[in-house]
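**Q** Below: one structure in structure tokens.
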Amino acid sequence: MSEVLKPRVRFAPSPTGYLHVGGARTALFNWLFARHTGGTFILRIEDTDFERSSEAMVEGIVEGMRWLGLDWDEGPFFQSKRLDLYTATAEKLIASGHAYPCFCTKEELEQRRQQATAEGRQPMYDRRCRGLSADDVQAKRDAGLSSAIRFATPLEGITSWKDAVFGKLGFANVELEDFVLLRSDGIPTYHLSVVADDMDMRLTHIIRGADHISNTPKQVLQYQALGAELPVFAHVPLILGPDKTRLSKRHGATSVISYKEMGIVPEAFRNFLSLLGWTPGQVKDEAGKDREIFGSDELIQLFSLEGISKSNAVFDNDKLAWFNMEWIRKYPAEKLLPLIEVEWDKAGLEPSRKPKEILTTIDLVKQRARNLTDFAGSFRAYFTDDFSYDAAAVTKFLADENARSLLMELAGRYAAEADFTEAGTEAVLRAFAEEKAVKAGVLINGARVALTGQGVAPSLFAVMVALGKDRVVTRLLAVENAVASVASPS
RNA sequence: GGCGCUAUGGUGUAACUGGUUAACACGUCGCCCUCUCAAGGCGAAGAGUUCGGGUUCGAGCCCCGAUAGCGCUACCA
């Protein structure tokens with residue numbers, strides 16, 4: 001009978017927008033909790049607001065979750081297909097005297113609300129339909145009036161629960177209005193559908209944004225009215241923008257997918273998000289300092305509700321950039337390649353290199369990548385012969401005609417060089433510089449631009465080996481093209 | 001306005017059940033390395049824990065008050 005109860009949790013977005021970072025973090029925490037405890041993670045789409053919900057948004061959410069590697073065990077369930085459950089739940093509530101029909105129209109309600117605020121009163125529903133007798137109700141029904149169903153909140157007392165993050169939380173019942181469960185068109189409101197579903201899906205823990213704290217008492221009341229056991233509520237603090245207001249479009253990218261498009265690697269985003277409002281405590285590295293780079297297995301192992309913080313957190317792009325850099329460097333080239341290929345496609349780049357060369361080259365340049373788009377941008381010349389020169393770099397390092405002719409001459413030396421290794425190529429260049437009585441730096445910097453089109457690159461000789469002898473010779477000989485392309489921009 | 005929550009450097013966090021000069025990471029600045037730029041190494045600045053009271057031998061941790069920020073205040077979710 002009493003098998004060990006495995007936690008059941010859910011992520012329940014409403015498809016009224018793409019998966020935004022706040023939602024993603026909630027999903028992540030639920031997922032981490034489920035995986036840590038060996039529980040079940042359910043995806044439920046809260047699409048009872050037909051006006052604002054759309055199929056495309058559902059796909060956007062799913063895409064975002066897949067990108068982050070958040071897989072679910074059950075669902076997706078759609079509330080729009082479970083309406084019978086909600087009406088049945090509402091009827092139970094009516095039968096037990098916990099809910100009642102309300103015939104006030106939206107317009108009447110709105111008008112009373114405005115009047116109340118104008119007179120300085122609380123704009124709360126005045127419960128005028130709560131006292132309707134069975135005859136009154138029948139009479140209105142006969143007159144063809146439609147009704148919403150409201151919950152009859154207790155007129156006194158306190159509704160409280162123990163939140164896993166915030167501790168004991170409570171609201172005076174007088175502050176709670178007789179909220180609507182079922183709209184007059186029979187569609188449930190959020191208040192009803194969440195608890196009906198959470199109960200039906202036997203959820204044990206409700207991990208969600210702290211913006212839901214205020215309507216938790218409305219849900220607790222329904223659990224009590226239905227005689228159901230309360231799940232554990234865990235409210236997660238919100239994510240704010242740099243100006244400490246709730247993160248929104250004003251702050252720039254807010255959808256998870258836009259971070260993918262910016263060249264962020266999923267591990268980096270997940271790692272960053274996990275540490276926003278949660279901490280595993282002190283996890284030391286070999287040097288005894290706190291570590292923050294965690295892969296998903298480690299996050300799963302470390303995650304616990306106790307580590308969730310109570311205060312809101314600011315989304316810091318700089319820190320995300322740092323995680324991204326760390327993770328790109330950590331990725332083996334084989335794993336990076338498919339992600340890079342997406343960037344190449346977008347940039348119309350077709351690598352003119354052999355697959356094996358590509359992998360070693362990725363390993364060389366990933367050390368200084370800040371995001372995936374770099375591989376199709378400033379690293380372009382490493383993968384294709386179809387690249388252009390950076391004007392500033394050409395002006396800075398290839399302005400001297402003499403240097404350019406030396407580079408062309410140097411090409412000849414390389415063509416004849418048998419030992420095309422880092423040490424070999426360096427020896428050739430330094431000997432050549434000495435012979436011509438020029439500084440090696442001049443040739444090195446010039447060669448870098450000729451070979452990569454950029455003023456910034458890894459160590460020149462490592463670049464040479466990565467590109468291979470033929471390419472090095474060809475590109476050095478083509479050094480005048482660099483100057484020409486910059487002088488007469490197409 | 002009402003109700004609720006929160007409050008540690010610029011940012012994210014740490015600080016065992018109150019007990020050394022409040023720690024770590026990102027960011028910032030400087031130095032080193034060097035063929036460029038990152039990275040890396042070394043170092044520095046930056047909070048006396050929102051403010052004011054109180055309890056205590058002792059408070060970032062407990063209590064009270066203030067302030068600020070955020071959330072909710074819909075027949076949205």
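Each chain in the structure tokens gets a letter, A, B and so on, in the order shown; residues start at 1 in every chain, and ligands are counted from 1 in the order they appear.
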Could you list, with a cut-off of 6 Å and counting only C-alpha atoms (C1' of nucleotides), the residues of chain B near chain A, each shown with its nearest atom pair and the distance in Å rounded to one decimal, rows sorted by chain and ascending number, as CSV?
**A**
residue,atom,partner,partner_atom,distance
B:U6,C1',A:Ser311,CA,5.3
B:C24,C1',A:Asp290,CA,5.2
B:C26,C1',A:Lys319,CA,4.9
B:C35,C1',A:Gly441,CA,5.3
B:U36,C1',A:Val456,CA,5.1
B:C37,C1',A:Val456,CA,4.8
B:A38,C1',A:Arg368,CA,5.4
B:G71,C1',A:Asp211,CA,5.1
B:C72,C1',A:Ser214,CA,5.1
B:C75,C1',A:Arg183,CA,4.5
**Q** I need the residues from that last selection saved to file as a compact mmCIF listing (two decimals), in the first residue's frame (with N, CA and C atoms (P, O5', C5', C4', C3', O3' and C1' of nucleotides)), if you can.
**A**
# COMPACT_ATOMS: atom_id res chain seq x y z
P U B 6 10.23 36.63 3.00
O5' U B 6 11.26 37.47 2.12
C5' U B 6 11.95 36.86 1.03
C4' U B 6 12.69 37.90 0.24
C3' U B 6 13.75 38.69 0.99
O3' U B 6 14.97 37.97 1.02
C1' U B 6 12.40 40.17 -0.26
P C B 24 38.18 34.67 -1.50
O5' C B 24 37.19 33.94 -2.50
C5' C B 24 37.26 32.53 -2.67
C4' C B 24 36.15 32.07 -3.57
C3' C B 24 36.05 32.75 -4.92
O3' C B 24 37.00 32.26 -5.86
C1' C B 24 33.90 32.57 -3.99
P C B 26 35.84 34.30 -12.52
O5' C B 26 34.58 35.13 -13.03
C5' C B 26 33.68 34.57 -13.98
C4' C B 26 32.58 35.55 -14.28
C3' C B 26 33.04 36.92 -14.75
O3' C B 26 33.35 36.91 -16.14
C1' C B 26 31.38 37.18 -13.11
P C B 35 57.15 37.28 -29.22
O5' C B 35 55.95 38.02 -29.92
C5' C B 35 56.20 38.95 -30.95
C4' C B 35 55.02 38.96 -31.87
C3' C B 35 53.69 38.90 -31.13
O3' C B 35 53.27 40.21 -30.82
C1' C B 35 53.73 37.34 -32.95
P U B 36 52.37 40.49 -29.59
O5' U B 36 50.94 40.74 -30.23
C5' U B 36 50.73 41.86 -31.10
C4' U B 36 49.36 41.72 -31.72
C3' U B 36 48.24 41.52 -30.72
O3' U B 36 47.77 42.78 -30.27
C1' U B 36 48.05 39.92 -32.47
P C B 37 47.44 42.97 -28.75
O5' C B 37 46.07 42.20 -28.63
C5' C B 37 44.91 42.67 -29.33
C4' C B 37 43.86 41.59 -29.31
C3' C B 37 43.53 41.04 -27.93
O3' C B 37 42.64 41.90 -27.25
C1' C B 37 43.72 39.26 -29.48
P A B 38 42.39 41.73 -25.70
O5' A B 38 41.44 40.45 -25.70
C5' A B 38 41.49 39.54 -24.64
C4' A B 38 40.82 38.26 -25.08
C3' A B 38 40.91 37.14 -24.05
O3' A B 38 39.86 37.25 -23.12
C1' A B 38 41.64 36.33 -26.13
P G B 71 6.86 43.08 -10.69
O5' G B 71 6.04 42.01 -9.84
C5' G B 71 6.37 40.63 -9.94
C4' G B 71 5.53 39.85 -8.96
C3' G B 71 4.04 40.03 -9.11
O3' G B 71 3.52 39.22 -10.14
C1' G B 71 4.62 40.21 -6.84
P C B 72 2.26 39.73 -10.98
O5' C B 72 1.06 39.55 -9.96
C5' C B 72 0.68 38.25 -9.54
C4' C B 72 -0.34 38.38 -8.44
C3' C B 72 -1.55 39.24 -8.76
O3' C B 72 -2.51 38.54 -9.52
C1' C B 72 -0.74 39.81 -6.62
P C B 75 -13.23 38.86 -12.92
O5' C B 75 -13.46 37.73 -14.00
C5' C B 75 -13.09 36.41 -13.77
C4' C B 75 -13.25 35.67 -15.08
C3' C B 75 -12.94 36.62 -16.25
O3' C B 75 -11.81 36.19 -16.97
C1' C B 75 -15.20 35.68 -16.37
**Q** Excluding Leu5 (chain A) and its own-chain neighbours fewer than 6 positions away, which residues fall within 12 Å of it when counting only C-alpha atoms (C1' of nucleotides)? Please give them as JSON, numbers by chain.
**A** {"A": [37, 38, 39, 40, 202, 203, 204, 205]}
**Q** Which neighbours of A66 (chain B) fall inside 12 Å, counting only C-alpha atoms (C1' of nucleotides), when residues of the same chain fewer than 6 positions from it are skipped, and could you give them as a list in words?
**A**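 So the residues in contact are U50, C51, G52 and G53 of chain B.
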**Q** Could you pull out all residues of region 113-354 of chain A with a DSSP call of strand (DSSP E) and give them as a PyMOL selection string?
**A** chain A and resi 148-151+158-163+167-172+180-182+205-209+232-236+239-240+313-314
**Q** Among region 116-284 of chain A, which residues carry a DSSP assignment of helix (DSSP H, G or I), reported as a PyMOL selection string?
**A** chain A and resi 116-118+134-142+173-175+190-200+210-225+249-251+256-261+266-274
